[in-house]
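input20.cif (mmCIF, C-alpha atoms) appears below.
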data_model
loop_
_atom_site.label_atom_id
_atom_site.label_comp_id
_atom_site.auth_asym_id
_atom_site.auth_seq_id
_atom_site.Cartn_x
_atom_site.Cartn_y
_atom_site.Cartn_z
CA VAL A 1 0.00 0.00 0.00
CA VAL A 2 2.82 2.40 0.93
CA ASP A 3 4.51 1.69 -2.44
CA GLU A 4 1.27 2.33 -4.32
CA VAL A 5 0.75 5.64 -2.49
CA GLY A 6 4.34 6.60 -3.30
CA GLU A 7 3.80 5.80 -6.97
CA MET A 8 0.58 7.84 -7.02
CA LYS A 9 2.36 10.77 -5.42
CA GLY A 10 5.17 10.44 -7.97
CA GLU A 11 2.65 10.46 -10.82
CA GLY A 12 0.96 13.52 -9.31
CA ILE A 13 4.28 15.36 -9.14
CA LYS A 14 5.11 14.39 -12.74
CA LYS A 15 1.70 15.59 -14.03
CA LYS A 16 1.96 18.80 -12.05
CA ASP A 17 5.44 19.44 -13.40
CA LYS A 18 4.27 18.81 -16.95
CA VAL A 19 1.34 21.22 -16.62
CA GLN A 20 3.54 23.87 -15.01
CA LEU A 21 6.20 23.52 -17.70
CA ARG A 22 3.65 23.82 -20.51
CA ALA A 23 2.16 26.92 -18.87
CA GLU A 24 5.63 28.44 -18.48
CA ILE A 25 6.54 27.73 -22.12
CA GLN A 26 3.26 29.23 -23.43
CA GLN A 27 3.67 32.53 -21.54
CA PRO A 28 4.78 35.57 -23.59
CA VAL A 29 8.56 35.62 -23.91
CA GLY A 30 10.36 38.56 -22.28
CA ASN A 31 13.37 40.34 -23.74
CA SER A 32 15.88 39.39 -21.05
CA ASP A 33 18.47 36.64 -21.52
CA GLU A 34 17.44 35.20 -18.16
CA ASP A 35 13.84 34.73 -19.41
CA LEU A 36 15.05 32.98 -22.57
CA ARG A 37 17.34 30.70 -20.56
CA SER A 38 14.56 29.70 -18.12
CA ARG A 39 12.19 29.03 -21.05
CA GLU A 40 14.85 26.92 -22.74
CA ALA A 41 15.37 24.93 -19.51
CA ALA A 42 11.60 24.38 -19.27
CA VAL A 43 11.57 22.98 -22.82
CA THR A 44 14.43 20.60 -22.00
CA ASN A 45 12.70 19.38 -18.82
CA LEU A 46 9.40 18.86 -20.63
CA ILE A 47 11.14 16.80 -23.34
CA GLU A 48 12.68 14.60 -20.61
CA ILE A 49 9.28 14.04 -18.98
CA LEU A 50 7.62 13.13 -22.30
CA LYS A 51 10.53 10.82 -23.09
CA ALA A 52 10.12 9.07 -19.72
CA GLU A 53 6.39 8.70 -20.44
CA GLN A 54 7.16 7.11 -23.84
CA ASN A 55 4.89 9.61 -25.56
CA PRO A 56 6.13 10.37 -29.12
CA GLU A 57 2.83 11.97 -30.19
CA GLU A 58 3.14 14.69 -27.55
CA VAL A 59 6.80 15.26 -28.45
CA ALA A 60 5.76 15.73 -32.10
CA GLU A 61 3.02 18.17 -31.05
CA LEU A 62 5.52 20.04 -28.86
CA THR A 63 7.82 20.44 -31.88
CA LYS A 64 5.04 22.36 -33.66
CA SER A 65 3.79 24.35 -30.66
CA LEU A 66 7.29 25.69 -29.87
CA ARG A 67 7.68 27.50 -33.20
CA PRO A 68 6.61 30.96 -31.90
CA PHE A 69 9.25 30.55 -29.17
CA PHE A 70 11.88 29.56 -31.75
CA ALA A 71 11.43 32.97 -33.40
CA ARG A 72 13.02 34.56 -30.30
CA LEU A 73 15.92 32.13 -30.00
CA PRO A 74 19.26 32.29 -31.83
CA LYS A 75 19.20 30.02 -34.90
CA ALA A 76 21.92 27.73 -33.51
CA LYS A 77 19.91 27.05 -30.33
CA THR A 78 16.73 26.50 -32.34
CA ALA A 79 18.53 23.95 -34.51
CA LYS A 80 19.82 22.15 -31.41
CA ILE A 81 16.35 21.91 -29.79
CA VAL A 82 14.72 20.77 -33.05
CA ARG A 83 17.34 18.04 -33.47
CA VAL A 84 16.76 16.88 -29.88
CA LEU A 85 12.99 16.75 -30.48
CA LEU A 86 13.35 14.78 -33.72
CA ASP A 87 15.85 12.39 -32.11
CA THR A 88 13.46 11.86 -29.18
CA VAL A 89 10.57 10.95 -31.49
CA GLY A 90 12.83 8.45 -33.29
CA ALA A 91 14.20 7.02 -30.02
CA LEU A 92 10.64 6.38 -28.81
CA ASN A 93 10.01 4.15 -31.87
CA ALA A 94 7.21 6.35 -33.15
CA PRO A 95 5.24 4.98 -36.15
CA LEU A 96 6.91 5.69 -39.49
CA GLU A 97 3.93 7.79 -40.64
CA LEU A 98 4.25 10.06 -37.60
CA GLN A 99 8.01 10.51 -38.08
CA VAL A 100 7.74 11.24 -41.83
CA ALA A 101 4.86 13.69 -41.27
CA LEU A 102 6.85 15.49 -38.54
CA TYR A 103 9.97 15.73 -40.73
CA GLN A 104 7.98 17.02 -43.71
CA ASP A 105 6.12 19.55 -41.57
CA THR A 106 9.41 20.75 -40.04
CA ILE A 107 10.97 21.08 -43.51
CA ALA A 108 7.97 23.15 -44.69
CA TRP A 109 8.34 25.41 -41.62
CA THR A 110 12.10 25.90 -42.21
CA ARG A 111 11.35 26.91 -45.82
CA GLU A 112 8.80 29.49 -44.66
CA GLU A 113 11.24 30.85 -42.08
CA LYS A 114 14.14 30.76 -44.57
CA ARG A 115 16.25 28.60 -42.24
CA ALA A 116 18.33 26.87 -44.94
CA PHE A 117 20.94 25.38 -42.58
CA LEU A 118 18.32 23.67 -40.37
CA ARG A 119 16.26 22.55 -43.39
CA GLN A 120 19.26 20.78 -44.92
CA ARG A 121 19.93 18.95 -41.64
CA VAL A 122 16.30 17.85 -41.31
CA GLU A 123 16.21 16.72 -44.96
CA GLY A 124 19.37 14.67 -44.34
CA ARG A 125 17.68 13.02 -41.36
CA LEU A 126 14.56 12.30 -43.41
CA ALA A 127 16.72 10.61 -46.09
CA ALA A 128 18.43 8.53 -43.36
CA LEU A 129 14.99 7.57 -41.99
CA TYR A 130 13.84 6.42 -45.45
CA LEU A 131 17.04 4.36 -45.79
CA SER A 132 16.48 2.70 -42.40
CA VAL A 133 13.03 1.49 -43.52
CA LYS A 134 14.30 0.44 -46.98
CA GLN A 135 12.43 3.14 -48.92
CA TYR A 136 15.41 3.83 -51.19
CA SER A 137 13.46 5.41 -54.06
CA ALA A 138 12.13 8.02 -51.61
CA ALA A 139 15.59 8.68 -50.12
CA LEU A 140 17.60 9.17 -53.35
CA PRO A 141 15.84 12.30 -54.71
CA ILE A 142 16.34 14.03 -51.32
CA ILE A 143 20.01 12.97 -51.26
CA ASN A 144 20.65 14.17 -54.85
CA ASP A 145 19.03 17.58 -54.20
CA LEU A 146 21.00 17.98 -50.97
CA LEU A 147 24.29 17.10 -52.66
CA ARG A 148 23.85 19.86 -55.24
CA GLU A 149 22.88 22.42 -52.61
CA VAL A 150 25.48 21.54 -49.95
CA LYS A 151 28.34 21.43 -52.50
CA ARG A 152 27.58 25.05 -53.42
CA LEU A 153 27.70 26.06 -49.76
CA ASP A 154 30.97 24.18 -49.15
CA ASP A 155 29.64 22.74 -45.87
CA LYS A 156 32.04 19.80 -45.75
CA SER A 157 30.81 18.19 -42.52
CA HIS A 158 27.24 17.93 -43.82
CA LEU A 159 28.46 17.02 -47.31
CA LEU A 160 30.32 14.05 -45.81
CA GLU A 161 27.14 12.77 -44.14
CA ILE A 162 25.14 13.11 -47.37
CA GLN A 163 27.82 11.36 -49.46
CA LEU A 164 27.83 8.49 -46.98
CA LEU A 165 24.03 8.22 -47.21
CA GLU A 166 24.33 8.23 -51.02
CA SER A 167 26.80 5.32 -50.91
CA GLN A 168 24.51 3.35 -48.58
CA ALA A 169 21.48 3.98 -50.81
CA TYR A 170 23.24 2.89 -54.01
CA HIS A 171 24.65 -0.18 -52.30
CA ALA A 172 21.15 -1.16 -51.15
CA LEU A 173 19.95 -0.74 -54.75
CA ARG A 174 22.83 -3.02 -55.91
CA ASN A 175 24.47 -0.21 -57.91
CA LEU A 176 28.03 -0.97 -56.81
CA PRO A 177 29.92 1.48 -59.11
CA LYS A 178 27.90 4.44 -57.81
CA ALA A 179 28.18 3.18 -54.21
CA ARG A 180 31.98 3.02 -54.60
CA ALA A 181 32.10 6.48 -56.26
CA ALA A 182 30.04 8.07 -53.47
CA LEU A 183 32.22 6.38 -50.84
CA THR A 184 35.39 7.65 -52.53
CA SER A 185 33.94 11.19 -52.51
CA ALA A 186 33.06 10.82 -48.82
CA ARG A 187 36.58 9.71 -47.92
CA THR A 188 38.09 12.60 -49.91
CA THR A 189 35.85 15.03 -48.02
CA ALA A 190 36.76 13.38 -44.70
CA ASN A 191 40.47 13.95 -45.37
CA ALA A 192 39.90 17.72 -45.39
CA ILE A 193 38.07 18.05 -42.04
CA TYR A 194 37.91 16.69 -38.51
CA VAL A 195 35.64 13.63 -38.44
CA PRO A 196 34.09 12.48 -35.12
CA PRO A 197 35.05 8.88 -34.19
CA SER A 198 31.47 7.57 -34.61
CA LEU A 199 31.21 9.00 -38.14
CA GLN A 200 34.70 7.71 -39.02
CA ALA A 201 33.61 4.24 -37.88
CA GLU A 202 30.53 4.54 -40.11
CA ILE A 203 32.77 5.41 -43.10
CA ASP A 204 35.04 2.42 -42.34
CA MET A 205 32.01 0.15 -42.03
CA GLN A 206 30.65 1.27 -45.42
CA ALA A 207 34.13 0.82 -46.95
CA GLY A 208 34.17 -2.73 -45.57
CA ILE A 209 30.71 -3.45 -47.02
CA VAL A 210 31.65 -2.17 -50.48
CA SER A 211 34.99 -4.02 -50.47
CA ALA A 212 33.20 -7.25 -49.51
CA GLU A 213 30.82 -6.78 -52.46
CA GLU A 214 33.89 -6.49 -54.69
CA LYS A 215 35.13 -9.83 -53.22
CA ASP A 216 38.13 -8.14 -51.62
CA TYR A 217 37.52 -9.77 -48.25
CA LYS A 218 40.97 -9.12 -46.78
CA THR A 219 40.63 -5.37 -47.28
CA SER A 220 37.04 -5.58 -46.10
CA TYR A 221 38.14 -7.32 -42.88
CA SER A 222 40.63 -4.54 -42.11
CA TYR A 223 37.93 -1.86 -42.55
CA PHE A 224 35.46 -3.74 -40.34
CA PHE A 225 38.20 -4.16 -37.74
CA GLU A 226 38.87 -0.40 -37.72
CA ALA A 227 35.14 0.31 -37.40
CA PHE A 228 34.80 -2.28 -34.62
CA GLU A 229 37.66 -0.77 -32.61
CA GLY A 230 36.25 2.75 -32.99
CA LEU A 231 32.71 1.79 -31.98
CA ASN A 232 33.92 -0.48 -29.19
CA SER A 233 35.81 2.43 -27.62
CA LEU A 234 32.55 4.44 -27.70
CA ASP A 235 30.48 1.52 -26.34
CA ASP A 236 28.33 1.85 -29.48
CA PRO A 237 25.91 -1.08 -30.04
CA ARG A 238 26.87 -1.13 -33.75
CA ALA A 239 30.23 -2.65 -32.77
CA ILE A 240 28.72 -6.14 -32.70
CA MET A 241 27.61 -5.79 -36.36
CA ASN A 242 31.18 -5.02 -37.42
CA LEU A 243 32.45 -8.01 -35.43
CA LYS A 244 29.86 -10.15 -37.19
CA TYR A 245 31.05 -8.92 -40.62
CA MET A 246 34.68 -9.52 -39.61
CA LEU A 247 33.78 -13.17 -38.99
CA LEU A 248 31.95 -13.30 -42.34
CA CYS A 249 35.12 -12.11 -44.10
CA LYS A 250 37.14 -14.86 -42.41
CA ILE A 251 34.62 -17.48 -43.56
CA MET A 252 34.56 -16.12 -47.13
CA THR A 253 38.39 -16.33 -47.33
CA HIS A 254 38.21 -20.00 -46.18
CA ASN A 255 39.69 -19.13 -42.79
CA ALA A 256 36.71 -20.36 -40.80
CA SER A 257 39.04 -21.84 -38.20
CA ASP A 258 40.01 -18.28 -37.18
CA VAL A 259 36.44 -17.51 -36.13
CA SER A 260 36.58 -19.27 -32.75
CA MET A 261 39.93 -17.60 -32.00
CA ILE A 262 38.52 -14.10 -32.72
CA VAL A 263 35.31 -14.75 -30.78
CA SER A 264 37.19 -15.97 -27.71
CA GLY A 265 39.45 -12.88 -27.71
CA LYS A 266 39.36 -10.50 -24.75
CA ILE A 267 37.57 -7.63 -26.54
CA ALA A 268 35.09 -9.82 -28.42
CA LEU A 269 33.97 -11.75 -25.32
CA LYS A 270 31.56 -9.01 -24.24
CA TYR A 271 29.74 -9.22 -27.57
CA SER A 272 28.45 -12.76 -27.22
CA GLY A 273 24.92 -13.23 -28.54
CA ALA A 274 22.83 -14.44 -31.47
CA PRO A 275 24.75 -12.55 -34.23
CA ILE A 276 28.07 -14.09 -33.14
CA ASP A 277 26.51 -17.53 -32.55
CA ALA A 278 25.09 -17.41 -36.08
CA MET A 279 28.50 -16.75 -37.64
CA ARG A 280 30.08 -19.43 -35.48
CA ALA A 281 27.46 -21.94 -36.74
CA ILE A 282 28.23 -20.97 -40.37
CA ALA A 283 31.97 -21.30 -39.68
CA ASP A 284 31.44 -24.79 -38.24
CA ALA A 285 29.40 -25.80 -41.29
CA HIS A 286 32.16 -24.49 -43.54
CA MET A 287 34.89 -26.39 -41.66
CA HIS A 288 32.83 -29.61 -41.69
CA ARG A 289 31.96 -29.02 -45.36
CA SER A 290 28.36 -29.77 -44.36
CA LEU A 291 25.51 -28.37 -46.38
CA PHE A 292 23.05 -29.77 -43.85
CA GLU A 293 24.66 -27.80 -41.00
CA PHE A 294 24.67 -24.69 -43.20
CA GLU A 295 20.95 -24.92 -43.92
CA GLU A 296 20.27 -25.72 -40.26
CA ALA A 297 22.11 -22.53 -39.25
CA LEU A 298 20.11 -20.50 -41.80
CA ALA A 299 16.85 -21.78 -40.35
CA LYS A 300 17.90 -21.28 -36.73
CA TYR A 301 19.39 -17.79 -37.17
CA LYS A 302 17.10 -16.38 -39.88
CA SER A 303 17.06 -12.80 -38.58
CA GLU A 304 20.87 -12.72 -38.15
CA LEU A 305 21.68 -14.30 -41.55
CA THR A 306 18.93 -14.28 -44.18
CA ASP A 307 17.33 -11.01 -43.00
CA ASP A 308 20.68 -9.20 -42.84
CA LEU A 309 21.13 -7.69 -46.31
CA ILE A 310 24.92 -7.55 -45.99
CA VAL A 311 25.30 -11.20 -44.98
CA HIS A 312 22.53 -12.41 -47.30
CA SER A 313 24.29 -11.00 -50.38
CA HIS A 314 27.20 -13.41 -49.69
CA LEU A 315 25.19 -16.47 -48.64
CA SER A 316 24.47 -17.73 -52.17
CA GLU A 317 28.19 -17.74 -52.99
CA LEU A 318 28.89 -19.49 -49.69
CA TYR A 319 26.15 -22.01 -50.45
CA ASP A 320 27.78 -22.87 -53.79
CA THR A 321 31.16 -23.24 -52.10
CA LEU A 322 29.75 -25.54 -49.45
CA LEU A 323 27.88 -27.59 -52.04
CA GLU A 324 31.13 -28.17 -53.93
CA GLN A 325 33.00 -29.04 -50.74
CA ASN A 326 30.20 -31.33 -49.62
CA LEU A 327 30.28 -33.17 -52.95
CA LEU A 328 34.06 -33.48 -52.74
CA ARG A 329 33.78 -34.92 -49.26
CA LEU A 330 31.33 -37.57 -50.51
CA ILE A 331 33.18 -38.61 -53.68
CA GLU A 332 36.80 -38.31 -52.46
CA PRO A 333 37.05 -41.96 -51.28
CA PHE A 334 35.74 -43.36 -54.61
CA SER A 335 37.18 -43.69 -58.10
CA CYS A 336 33.71 -44.11 -59.62
CA VAL A 337 30.34 -42.85 -58.33
CA GLU A 338 26.70 -43.08 -59.37
CA ILE A 339 25.31 -39.54 -59.63
CA SER A 340 21.77 -40.52 -58.64
CA HIS A 341 23.10 -42.14 -55.45
CA VAL A 342 25.16 -39.03 -54.61
CA ALA A 343 22.07 -36.87 -55.19
CA GLU A 344 20.08 -39.10 -52.86
CA MET A 345 22.76 -38.92 -50.16
CA ILE A 346 23.01 -35.13 -50.36
CA LYS A 347 19.21 -34.70 -50.83
CA LEU A 348 19.49 -32.48 -53.92
CA PRO A 349 18.24 -32.78 -57.55
CA VAL A 350 20.31 -34.93 -59.93
CA ASP A 351 20.57 -32.07 -62.48
CA LEU A 352 22.21 -29.81 -59.90
CA ILE A 353 24.71 -32.53 -58.90
CA GLU A 354 25.56 -33.19 -62.57
CA SER A 355 26.22 -29.50 -63.27
CA LYS A 356 28.49 -29.21 -60.22
CA LEU A 357 30.44 -32.40 -60.94
#

Turn the structure described in the file into structure tokens.
Amino acid sequence: VVDEVGEMKGEGIKKKDKVQLRAEIQQPVGNSDEDLRSREAAVTNLIEILKAEQNPEEVAELTKSLRPFFARLPKAKTAKIVRVLLDTVGALNAPLELQVALYQDTIAWTREEKRAFLRQRVEGRLAALYLSVKQYSAALPIINDLLREVKRLDDKSHLLEIQLLESQAYHALRNLPKARAALTSARTTANAIYVPPSLQAEIDMQAGIVSAEEKDYKTSYSYFFEAFEGLNSLDDPRAIMNLKYMLLCKIMTHNASDVSMIVSGKIALKYSGAPIDAMRAIADAHMHRSLFEFEEALAKYKSELTDDLIVHSHLSELYDTLLEQNLLRLIEPFSCVEISHVAEMIKLPVDLIESKL
């Protein structure tokens, strides 16, 4: 009972705070710096409360209702608050329709207010959102328009982000030459400016992905390793994806035996989980030259293997390799074999076995 009363009191305090903060934000803004600072603090506190309540709809509504207040703030502070609001809506896993509508509404407002810098940032985030939900045809026109505009302004930090998005979009659309060209442009831009470690890791990760598509797995491994080290130092959850792709590169270069050594290393130990278990299962299947184990791993770790676009693009080649190795394992002891019997043993069509042999 005491706990329940405490919780009710806590809820009462939270609701009271929220009402007070909204009232404070909606009051006419004075001319003093102190008034602006207190209003800004109220906005920050209200965002934190709505975030704790897991309420993306109210955060989206707050983004719109704050616009009269934004007119009194310096543009840099406005941009910072808008980015926090958009990030909060995304972090709360708001429905895609709500996020897209909020981005588009914010872009329309920035056009009306002639806030070009903020509009370009929001458009870049909208393109990244489209990429994350695999709507590549919606993302590319935004990216292409931004590239033309940002190049004229010579805003290299934003240009780098857009070029990286362009490379990711073209890679997803299987246009490897354009993905490589965009990545090369991004790396050239990065050489001219300071790049934050998280963004540098993202560039290295994309370089590893493109190199793997070009079958240069050794180079790809080195890029994934650089990205893994950078993200690991930041405790970024994307580190495990780079470790997973490092293991994939080892398997694709027929060094599957190295997988267990890498996974049992001091740094990699804290990243145990389904993605690493999946790659370990594939490595075991490769070492045993077992197509059955390979297909078993695919079924067991579907989300980590088949649903991962990066891994999936290499699975068909790995399947062919394993099929050949499996056939070799079966026919090695014999000088003469009956193809129909081999097909029966391996549980595959006779035509496929004939073409491979």

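Here CA of Glu295 in chain A is placed at a distance of 14.7 Å from CA of Asp277 in chain A.
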
So that I can check the surroundings of Thr106 in chain A, please list as number ranges by chain every protein, DNA and RNA residue that reaches within 10 Å of it, counting all atoms listed in the file and ignoring chain neighbours fewer than 5 positions away. A: 63-64, 67, 82, 86, 100-101, 111-112, 118-119, 122-123

Could those residues be written to a file, using C-alpha atoms, as a PDB file, in the coordinates of the input?
ATOM      1  CA  THR A  63       7.820  20.440 -31.880  1.00  0.00           C
ATOM      2  CA  LYS A  64       5.040  22.360 -33.660  1.00  0.00           C
ATOM      3  CA  ARG A  67       7.680  27.500 -33.200  1.00  0.00           C
ATOM      4  CA  VAL A  82      14.720  20.770 -33.050  1.00  0.00           C
ATOM      5  CA  LEU A  86      13.350  14.780 -33.720  1.00  0.00           C
ATOM      6  CA  VAL A 100       7.740  11.240 -41.830  1.00  0.00           C
ATOM      7  CA  ALA A 101       4.860  13.690 -41.270  1.00  0.00           C
ATOM      8  CA  ARG A 111      11.350  26.910 -45.820  1.00  0.00           C
ATOM      9  CA  GLU A 112       8.800  29.490 -44.660  1.00  0.00           C
ATOM     10  CA  LEU A 118      18.320  23.670 -40.370  1.00  0.00           C
ATOM     11  CA  ARG A 119      16.260  22.550 -43.390  1.00  0.00           C
ATOM     12  CA  VAL A 122      16.300  17.850 -41.310  1.00  0.00           C
ATOM     13  CA  GLU A 123      16.210  16.720 -44.960  1.00  0.00           C
TER      14      GLU A 123
END

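Excluding Thr253 in chain A and any residue on its chain fewer than 5 positions from it, the residues at most 12 Å away by only C-alpha atoms are Ala212, Lys215, Asp216, Tyr217, Lys218, Thr219, Ser220, Tyr221, Met246, Leu247, Leu248, Asp258, Val259, Ala283, His286, His314, Glu317, Leu318 and Thr321 of chain A.
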
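Shell of Ala60 in chain A at 7 Å, with all atoms listed in the file counted and residues fewer than 4 places along the chain excluded, is Pro56, Lys64, Val89 and Leu102 of chain A.
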
Keeping only C-alpha atoms, write those residues as an mmCIF file, in the frame of the given file.
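New file out-v4.cif:
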data_model
loop_
_atom_site.group_PDB
_atom_site.id
_atom_site.type_symbol
_atom_site.label_atom_id
_atom_site.label_comp_id
_atom_site.auth_asym_id
_atom_site.auth_seq_id
_atom_site.Cartn_x
_atom_site.Cartn_y
_atom_site.Cartn_z
ATOM 1 C CA PRO A 56 6.130 10.370 -29.120
ATOM 2 C CA LYS A 64 5.040 22.360 -33.660
ATOM 3 C CA VAL A 89 10.570 10.950 -31.490
ATOM 4 C CA LEU A 102 6.850 15.490 -38.540
#

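Rounded to one decimal, CA of Ser260 in chain A and CA of Ala278 in chain A lie 12.1 Å from each other.
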
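Here CA of Lys114 in chain A and CA of Asp154 in chain A stand 18.6 Å from one another.
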